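K.L.:
I'd like to ask some things about the structure below.
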Amino acid sequence: MFLLKKVIIGAFIGATLLAATPAKSETHAKVCIRNKTQANRSVAYSWGSQKPKIIVIPPGGNYYFSWDYGSAHSEHFSPQFYATIDRDTRASVDDFMTYELDRYKTWNARECDGAKQYNIEYDGSRHGIQLYHDN
């Protein structure tokens, strides 16, 4: 009986300590784009009204975009995130599409962990690709 009480009390104390542990603060908004095609893909991106920047994601690679909430982490605000890709895989044809992408709030500013995930994938047509959300 004494052992049973000791186990129950130990479990209660352990659960109380876990519940009292504060969660990690959400300090960033994050988006991750993976290239699931077999060629380099250029992505023009911007946060809000910022001037777009261009990055290249290699086949099978990914790139994460992170917005630091700054010292006012309690506000959890980030501007809208935009990504533009050329949806036609032929070099002679341009078919640019701009996507307004959702972001996830996260404490982790590195890699794609905790980010809203998107994939650049072939869309089933002969020359087309699209940006699809993954989570």
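Ordering of the structure tokens sets the chain letters (A, B, ...); residue numbers start at 1 within each chain; ligands are numbered from 1 in the order shown.
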Could you name the residues that touch Tyr122 (chain A) at 10 Å or less, counting only C-alpha atoms, but leaving out those on the same chain fewer than 5 positions away, as a PyMOL selection string?

P.N.:
chain A and resi 35-38+87-89+127-132

K.L.:
For the residues in the current selection, export N, CA and C atoms as a PDB file, in the first residue's frame.

P.N.:
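Output below, filename selection24.pdb:
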```pdb
ATOM      1  N   ASN A  35      11.011  22.162 -53.216  1.00  0.00           N
ATOM      2  CA  ASN A  35      10.982  21.959 -54.664  1.00  0.00           C
ATOM      3  C   ASN A  35      10.949  20.468 -54.947  1.00  0.00           C
ATOM      4  N   LYS A  36       9.788  19.974 -55.348  1.00  0.00           N
ATOM      5  CA  LYS A  36       9.640  18.545 -55.635  1.00  0.00           C
ATOM      6  C   LYS A  36       9.707  18.262 -57.134  1.00  0.00           C
ATOM      7  N   THR A  37      10.274  19.209 -57.898  1.00  0.00           N
ATOM      8  CA  THR A  37      10.464  18.988 -59.334  1.00  0.00           C
ATOM      9  C   THR A  37      11.905  18.550 -59.579  1.00  0.00           C
ATOM     10  N   GLN A  38      12.250  18.362 -60.853  1.00  0.00           N
ATOM     11  CA  GLN A  38      13.596  17.894 -61.190  1.00  0.00           C
ATOM     12  C   GLN A  38      14.473  18.993 -61.781  1.00  0.00           C
ATOM     13  N   ARG A  87       4.846  29.219 -63.578  1.00  0.00           N
ATOM     14  CA  ARG A  87       4.141  27.936 -63.588  1.00  0.00           C
ATOM     15  C   ARG A  87       4.376  27.120 -64.852  1.00  0.00           C
ATOM     16  N   ASP A  88       5.044  27.691 -65.841  1.00  0.00           N
ATOM     17  CA  ASP A  88       5.334  26.960 -67.072  1.00  0.00           C
ATOM     18  C   ASP A  88       6.801  26.556 -67.059  1.00  0.00           C
ATOM     19  N   THR A  89       7.085  25.291 -67.272  1.00  0.00           N
ATOM     20  CA  THR A  89       8.456  24.793 -67.172  1.00  0.00           C
ATOM     21  C   THR A  89       9.288  25.083 -68.419  1.00  0.00           C
ATOM     22  N   HIS A 127       3.474  20.853 -69.153  1.00  0.00           N
ATOM     23  CA  HIS A 127       4.534  21.816 -68.846  1.00  0.00           C
ATOM     24  C   HIS A 127       4.261  22.618 -67.584  1.00  0.00           C
ATOM     25  N   GLY A 128       3.340  22.177 -66.757  1.00  0.00           N
ATOM     26  CA  GLY A 128       2.923  23.016 -65.641  1.00  0.00           C
ATOM     27  C   GLY A 128       3.407  22.576 -64.273  1.00  0.00           C
ATOM     28  N   ILE A 129       3.609  23.580 -63.418  1.00  0.00           N
ATOM     29  CA  ILE A 129       3.901  23.331 -62.020  1.00  0.00           C
ATOM     30  C   ILE A 129       3.004  24.244 -61.189  1.00  0.00           C
ATOM     31  N   GLN A 130       2.781  23.881 -59.963  1.00  0.00           N
ATOM     32  CA  GLN A 130       1.954  24.644 -59.044  1.00  0.00           C
ATOM     33  C   GLN A 130       2.605  24.657 -57.675  1.00  0.00           C
ATOM     34  N   LEU A 131       2.087  25.509 -56.826  1.00  0.00           N
ATOM     35  CA  LEU A 131       2.519  25.565 -55.429  1.00  0.00           C
ATOM     36  C   LEU A 131       1.361  25.029 -54.598  1.00  0.00           C
ATOM     37  N   TYR A 132       1.584  23.917 -53.904  1.00  0.00           N
ATOM     38  CA  TYR A 132       0.554  23.267 -53.106  1.00  0.00           C
ATOM     39  C   TYR A 132       0.933  23.308 -51.633  1.00  0.00           C
TER      40      TYR A 132
END
```

K.L.:
Can you list, as a PDB file with N, CA and C atoms, in the first residue's frame, every protein, DNA or RNA residue that comes within 12 Å of region 97-114 of chain A when you count only C-alpha atoms, leaving out same-chain residues fewer than 4 positions away?

P.N.:
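Output saved as out27.pdb:
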```pdb
ATOM      1  N   ALA A  23       5.274  27.144 -22.001  1.00  0.00           N
ATOM      2  CA  ALA A  23       5.494  26.789 -23.397  1.00  0.00           C
ATOM      3  C   ALA A  23       6.506  27.762 -23.993  1.00  0.00           C
ATOM      4  N   LYS A  24       7.204  27.317 -25.024  1.00  0.00           N
ATOM      5  CA  LYS A  24       8.152  28.199 -25.697  1.00  0.00           C
ATOM      6  C   LYS A  24       7.373  29.324 -26.363  1.00  0.00           C
ATOM      7  N   SER A  25       7.901  30.514 -26.295  1.00  0.00           N
ATOM      8  CA  SER A  25       7.243  31.687 -26.858  1.00  0.00           C
ATOM      9  C   SER A  25       7.283  31.638 -28.384  1.00  0.00           C
ATOM     10  N   GLU A  26       6.187  31.969 -29.007  1.00  0.00           N
ATOM     11  CA  GLU A  26       6.134  32.045 -30.468  1.00  0.00           C
ATOM     12  C   GLU A  26       6.766  33.361 -30.885  1.00  0.00           C
ATOM     13  N   THR A  27       7.935  33.281 -31.483  1.00  0.00           N
ATOM     14  CA  THR A  27       8.724  34.470 -31.784  1.00  0.00           C
ATOM     15  C   THR A  27       8.831  34.783 -33.270  1.00  0.00           C
ATOM     16  N   HIS A  28       8.363  33.860 -34.121  1.00  0.00           N
ATOM     17  CA  HIS A  28       8.521  34.029 -35.560  1.00  0.00           C
ATOM     18  C   HIS A  28       7.285  33.541 -36.322  1.00  0.00           C
ATOM     19  N   ALA A  29       7.109  34.099 -37.510  1.00  0.00           N
ATOM     20  CA  ALA A  29       6.178  33.549 -38.487  1.00  0.00           C
ATOM     21  C   ALA A  29       7.048  32.846 -39.521  1.00  0.00           C
ATOM     22  N   LYS A  30       6.637  31.634 -39.942  1.00  0.00           N
ATOM     23  CA  LYS A  30       7.478  30.877 -40.874  1.00  0.00           C
ATOM     24  C   LYS A  30       6.689  30.221 -41.984  1.00  0.00           C
ATOM     25  N   VAL A  31       7.358  30.175 -43.141  1.00  0.00           N
ATOM     26  CA  VAL A  31       6.865  29.498 -44.330  1.00  0.00           C
ATOM     27  C   VAL A  31       8.031  28.684 -44.876  1.00  0.00           C
ATOM     28  N   CYS A  32       7.751  27.501 -45.383  1.00  0.00           N
ATOM     29  CA  CYS A  32       8.783  26.680 -46.012  1.00  0.00           C
ATOM     30  C   CYS A  32       8.277  26.252 -47.390  1.00  0.00           C
ATOM     31  N   ILE A  33       9.139  26.396 -48.399  1.00  0.00           N
ATOM     32  CA  ILE A  33       8.793  25.945 -49.752  1.00  0.00           C
ATOM     33  C   ILE A  33       9.787  24.872 -50.164  1.00  0.00           C
ATOM     34  N   ARG A  34       9.257  23.716 -50.566  1.00  0.00           N
ATOM     35  CA  ARG A  34      10.076  22.595 -51.040  1.00  0.00           C
ATOM     36  C   ARG A  34       9.916  22.469 -52.548  1.00  0.00           C
ATOM     37  N   VAL A  43      12.031  31.525 -57.062  1.00  0.00           N
ATOM     38  CA  VAL A  43      10.874  32.018 -56.311  1.00  0.00           C
ATOM     39  C   VAL A  43      11.161  33.475 -55.951  1.00  0.00           C
ATOM     40  N   ALA A  44      10.255  34.356 -56.361  1.00  0.00           N
ATOM     41  CA  ALA A  44      10.318  35.750 -55.918  1.00  0.00           C
ATOM     42  C   ALA A  44       9.403  35.840 -54.705  1.00  0.00           C
ATOM     43  N   TYR A  45       9.900  36.398 -53.614  1.00  0.00           N
ATOM     44  CA  TYR A  45       9.097  36.445 -52.397  1.00  0.00           C
ATOM     45  C   TYR A  45       9.174  37.824 -51.751  1.00  0.00           C
ATOM     46  N   SER A  46       8.166  38.123 -50.962  1.00  0.00           N
ATOM     47  CA  SER A  46       8.182  39.374 -50.203  1.00  0.00           C
ATOM     48  C   SER A  46       7.282  39.246 -48.985  1.00  0.00           C
ATOM     49  N   TRP A  47       7.638  39.990 -47.959  1.00  0.00           N
ATOM     50  CA  TRP A  47       6.811  40.138 -46.763  1.00  0.00           C
ATOM     51  C   TRP A  47       6.096  41.474 -46.910  1.00  0.00           C
ATOM     52  N   GLY A  48       4.764  41.451 -46.988  1.00  0.00           N
ATOM     53  CA  GLY A  48       3.999  42.684 -47.117  1.00  0.00           C
ATOM     54  C   GLY A  48       4.382  43.441 -48.377  1.00  0.00           C
ATOM     55  N   PRO A  52      10.300  42.617 -53.688  1.00  0.00           N
ATOM     56  CA  PRO A  52      10.532  41.164 -53.781  1.00  0.00           C
ATOM     57  C   PRO A  52      12.012  40.816 -53.924  1.00  0.00           C
ATOM     58  N   GLY A  61      15.309  20.334 -52.899  1.00  0.00           N
ATOM     59  CA  GLY A  61      15.708  21.238 -51.817  1.00  0.00           C
ATOM     60  C   GLY A  61      14.528  21.995 -51.233  1.00  0.00           C
ATOM     61  N   ASN A  62      14.814  22.752 -50.191  1.00  0.00           N
ATOM     62  CA  ASN A  62      13.781  23.589 -49.593  1.00  0.00           C
ATOM     63  C   ASN A  62      14.397  24.899 -49.137  1.00  0.00           C
ATOM     64  N   TYR A  63      13.538  25.855 -48.848  1.00  0.00           N
ATOM     65  CA  TYR A  63      13.972  27.160 -48.372  1.00  0.00           C
ATOM     66  C   TYR A  63      12.935  27.626 -47.363  1.00  0.00           C
ATOM     67  N   TYR A  64      13.396  28.118 -46.231  1.00  0.00           N
ATOM     68  CA  TYR A  64      12.450  28.614 -45.248  1.00  0.00           C
ATOM     69  C   TYR A  64      12.544  30.132 -45.155  1.00  0.00           C
ATOM     70  N   PHE A  65      11.421  30.750 -44.874  1.00  0.00           N
ATOM     71  CA  PHE A  65      11.287  32.193 -44.768  1.00  0.00           C
ATOM     72  C   PHE A  65      10.760  32.474 -43.363  1.00  0.00           C
ATOM     73  N   SER A  66      11.412  33.376 -42.663  1.00  0.00           N
ATOM     74  CA  SER A  66      11.077  33.609 -41.268  1.00  0.00           C
ATOM     75  C   SER A  66      10.952  35.097 -40.997  1.00  0.00           C
ATOM     76  N   TRP A  67       9.893  35.482 -40.298  1.00  0.00           N
ATOM     77  CA  TRP A  67       9.673  36.860 -39.881  1.00  0.00           C
ATOM     78  C   TRP A  67       9.773  36.916 -38.363  1.00  0.00           C
ATOM     79  N   ASP A  68      10.736  37.674 -37.865  1.00  0.00           N
ATOM     80  CA  ASP A  68      10.933  37.825 -36.423  1.00  0.00           C
ATOM     81  C   ASP A  68       9.945  38.869 -35.915  1.00  0.00           C
ATOM     82  N   TYR A  69       9.155  38.492 -34.904  1.00  0.00           N
ATOM     83  CA  TYR A  69       8.192  39.435 -34.342  1.00  0.00           C
ATOM     84  C   TYR A  69       8.868  40.578 -33.597  1.00  0.00           C
ATOM     85  N   HIS A  73       6.949  40.261 -29.006  1.00  0.00           N
ATOM     86  CA  HIS A  73       6.503  38.900 -29.338  1.00  0.00           C
ATOM     87  C   HIS A  73       5.046  38.659 -28.984  1.00  0.00           C
ATOM     88  N   SER A  74       4.535  39.401 -28.029  1.00  0.00           N
ATOM     89  CA  SER A  74       3.152  39.173 -27.618  1.00  0.00           C
ATOM     90  C   SER A  74       2.168  39.580 -28.711  1.00  0.00           C
ATOM     91  N   GLU A  75       2.604  40.410 -29.658  1.00  0.00           N
ATOM     92  CA  GLU A  75       1.692  40.845 -30.725  1.00  0.00           C
ATOM     93  C   GLU A  75       1.504  39.781 -31.793  1.00  0.00           C
ATOM     94  N   HIS A  76       2.509  38.942 -32.007  1.00  0.00           N
ATOM     95  CA  HIS A  76       2.432  37.870 -33.008  1.00  0.00           C
ATOM     96  C   HIS A  76       1.916  38.371 -34.348  1.00  0.00           C
ATOM     97  N   PHE A  77       2.490  39.423 -34.838  1.00  0.00           N
ATOM     98  CA  PHE A  77       2.054  39.973 -36.118  1.00  0.00           C
ATOM     99  C   PHE A  77       3.167  39.890 -37.138  1.00  0.00           C
ATOM    100  N   SER A  78       2.816  39.454 -38.321  1.00  0.00           N
ATOM    101  CA  SER A  78       3.746  39.504 -39.448  1.00  0.00           C
ATOM    102  C   SER A  78       2.967  39.976 -40.660  1.00  0.00           C
ATOM    103  N   PRO A  79       3.642  40.656 -41.579  1.00  0.00           N
ATOM    104  CA  PRO A  79       2.953  41.042 -42.815  1.00  0.00           C
ATOM    105  C   PRO A  79       2.596  39.801 -43.622  1.00  0.00           C
ATOM    106  N   GLN A  80       1.712  39.969 -44.566  1.00  0.00           N
ATOM    107  CA  GLN A  80       1.344  38.861 -45.452  1.00  0.00           C
ATOM    108  C   GLN A  80       2.589  38.414 -46.212  1.00  0.00           C
ATOM    109  N   PHE A  81       2.666  37.130 -46.530  1.00  0.00           N
ATOM    110  CA  PHE A  81       3.801  36.590 -47.276  1.00  0.00           C
ATOM    111  C   PHE A  81       3.355  36.252 -48.692  1.00  0.00           C
ATOM    112  N   TYR A  82       4.142  36.695 -49.682  1.00  0.00           N
ATOM    113  CA  TYR A  82       3.831  36.446 -51.090  1.00  0.00           C
ATOM    114  C   TYR A  82       4.977  35.692 -51.750  1.00  0.00           C
ATOM    115  N   ALA A  83       4.629  34.728 -52.594  1.00  0.00           N
ATOM    116  CA  ALA A  83       5.620  33.986 -53.373  1.00  0.00           C
ATOM    117  C   ALA A  83       5.143  33.915 -54.818  1.00  0.00           C
ATOM    118  N   THR A  84       6.054  34.186 -55.740  1.00  0.00           N
ATOM    119  CA  THR A  84       5.731  34.150 -57.174  1.00  0.00           C
ATOM    120  C   THR A  84       6.613  33.106 -57.841  1.00  0.00           C
ATOM    121  N   ILE A  85       5.969  32.237 -58.638  1.00  0.00           N
ATOM    122  CA  ILE A  85       6.721  31.244 -59.413  1.00  0.00           C
ATOM    123  C   ILE A  85       6.254  31.303 -60.860  1.00  0.00           C
ATOM    124  N   ASP A  86       7.114  30.836 -61.759  1.00  0.00           N
ATOM    125  CA  ASP A  86       6.744  30.667 -63.165  1.00  0.00           C
ATOM    126  C   ASP A  86       6.140  29.276 -63.277  1.00  0.00           C
ATOM    127  N   ARG A  87       4.846  29.219 -63.578  1.00  0.00           N
ATOM    128  CA  ARG A  87       4.141  27.936 -63.588  1.00  0.00           C
ATOM    129  C   ARG A  87       4.376  27.120 -64.852  1.00  0.00           C
ATOM    130  N   ASP A  88       5.044  27.691 -65.841  1.00  0.00           N
ATOM    131  CA  ASP A  88       5.334  26.960 -67.072  1.00  0.00           C
ATOM    132  C   ASP A  88       6.801  26.556 -67.059  1.00  0.00           C
ATOM    133  N   TYR A 118       4.852  24.267 -48.011  1.00  0.00           N
ATOM    134  CA  TYR A 118       4.341  24.311 -49.382  1.00  0.00           C
ATOM    135  C   TYR A 118       5.306  23.552 -50.276  1.00  0.00           C
ATOM    136  N   ASN A 119       4.762  22.942 -51.330  1.00  0.00           N
ATOM    137  CA  ASN A 119       5.569  22.190 -52.291  1.00  0.00           C
ATOM    138  C   ASN A 119       5.371  22.742 -53.690  1.00  0.00           C
ATOM    139  N   ILE A 120       6.486  22.914 -54.417  1.00  0.00           N
ATOM    140  CA  ILE A 120       6.410  23.174 -55.858  1.00  0.00           C
ATOM    141  C   ILE A 120       6.406  21.803 -56.505  1.00  0.00           C
ATOM    142  N   GLY A 128       3.340  22.177 -66.757  1.00  0.00           N
ATOM    143  CA  GLY A 128       2.923  23.016 -65.641  1.00  0.00           C
ATOM    144  C   GLY A 128       3.407  22.576 -64.273  1.00  0.00           C
ATOM    145  N   ILE A 129       3.609  23.580 -63.418  1.00  0.00           N
ATOM    146  CA  ILE A 129       3.901  23.331 -62.020  1.00  0.00           C
ATOM    147  C   ILE A 129       3.004  24.244 -61.189  1.00  0.00           C
ATOM    148  N   GLN A 130       2.781  23.881 -59.963  1.00  0.00           N
ATOM    149  CA  GLN A 130       1.954  24.644 -59.044  1.00  0.00           C
ATOM    150  C   GLN A 130       2.605  24.657 -57.675  1.00  0.00           C
ATOM    151  N   LEU A 131       2.087  25.509 -56.826  1.00  0.00           N
ATOM    152  CA  LEU A 131       2.519  25.565 -55.429  1.00  0.00           C
ATOM    153  C   LEU A 131       1.361  25.029 -54.598  1.00  0.00           C
ATOM    154  N   TYR A 132       1.584  23.917 -53.904  1.00  0.00           N
ATOM    155  CA  TYR A 132       0.554  23.267 -53.106  1.00  0.00           C
ATOM    156  C   TYR A 132       0.933  23.308 -51.633  1.00  0.00           C
ATOM    157  N   HIS A 133      -0.066  23.461 -50.753  1.00  0.00           N
ATOM    158  CA  HIS A 133       0.254  23.396 -49.321  1.00  0.00           C
ATOM    159  C   HIS A 133       0.328  21.952 -48.880  1.00  0.00           C
ATOM    160  N   ASP A 134       1.188  21.722 -47.890  1.00  0.00           N
ATOM    161  CA  ASP A 134       1.471  20.344 -47.452  1.00  0.00           C
ATOM    162  C   ASP A 134       0.958  20.065 -46.048  1.00  0.00           C
ATOM    163  N   ASN A 135       0.726  21.097 -45.244  1.00  0.00           N
ATOM    164  CA  ASN A 135       0.252  20.862 -43.866  1.00  0.00           C
ATOM    165  C   ASN A 135      -0.711  21.953 -43.455  1.00  0.00           C
TER     166      ASN A 135
END
```

K.L.:
Expressed in Å to a single decimal, how great is the separation between CA of Ile57 (chain A) and CA of Arg41 (chain A)?

P.N.:
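CA of Ile57 (chain A) sits 5.3 Å away from CA of Arg41 (chain A).
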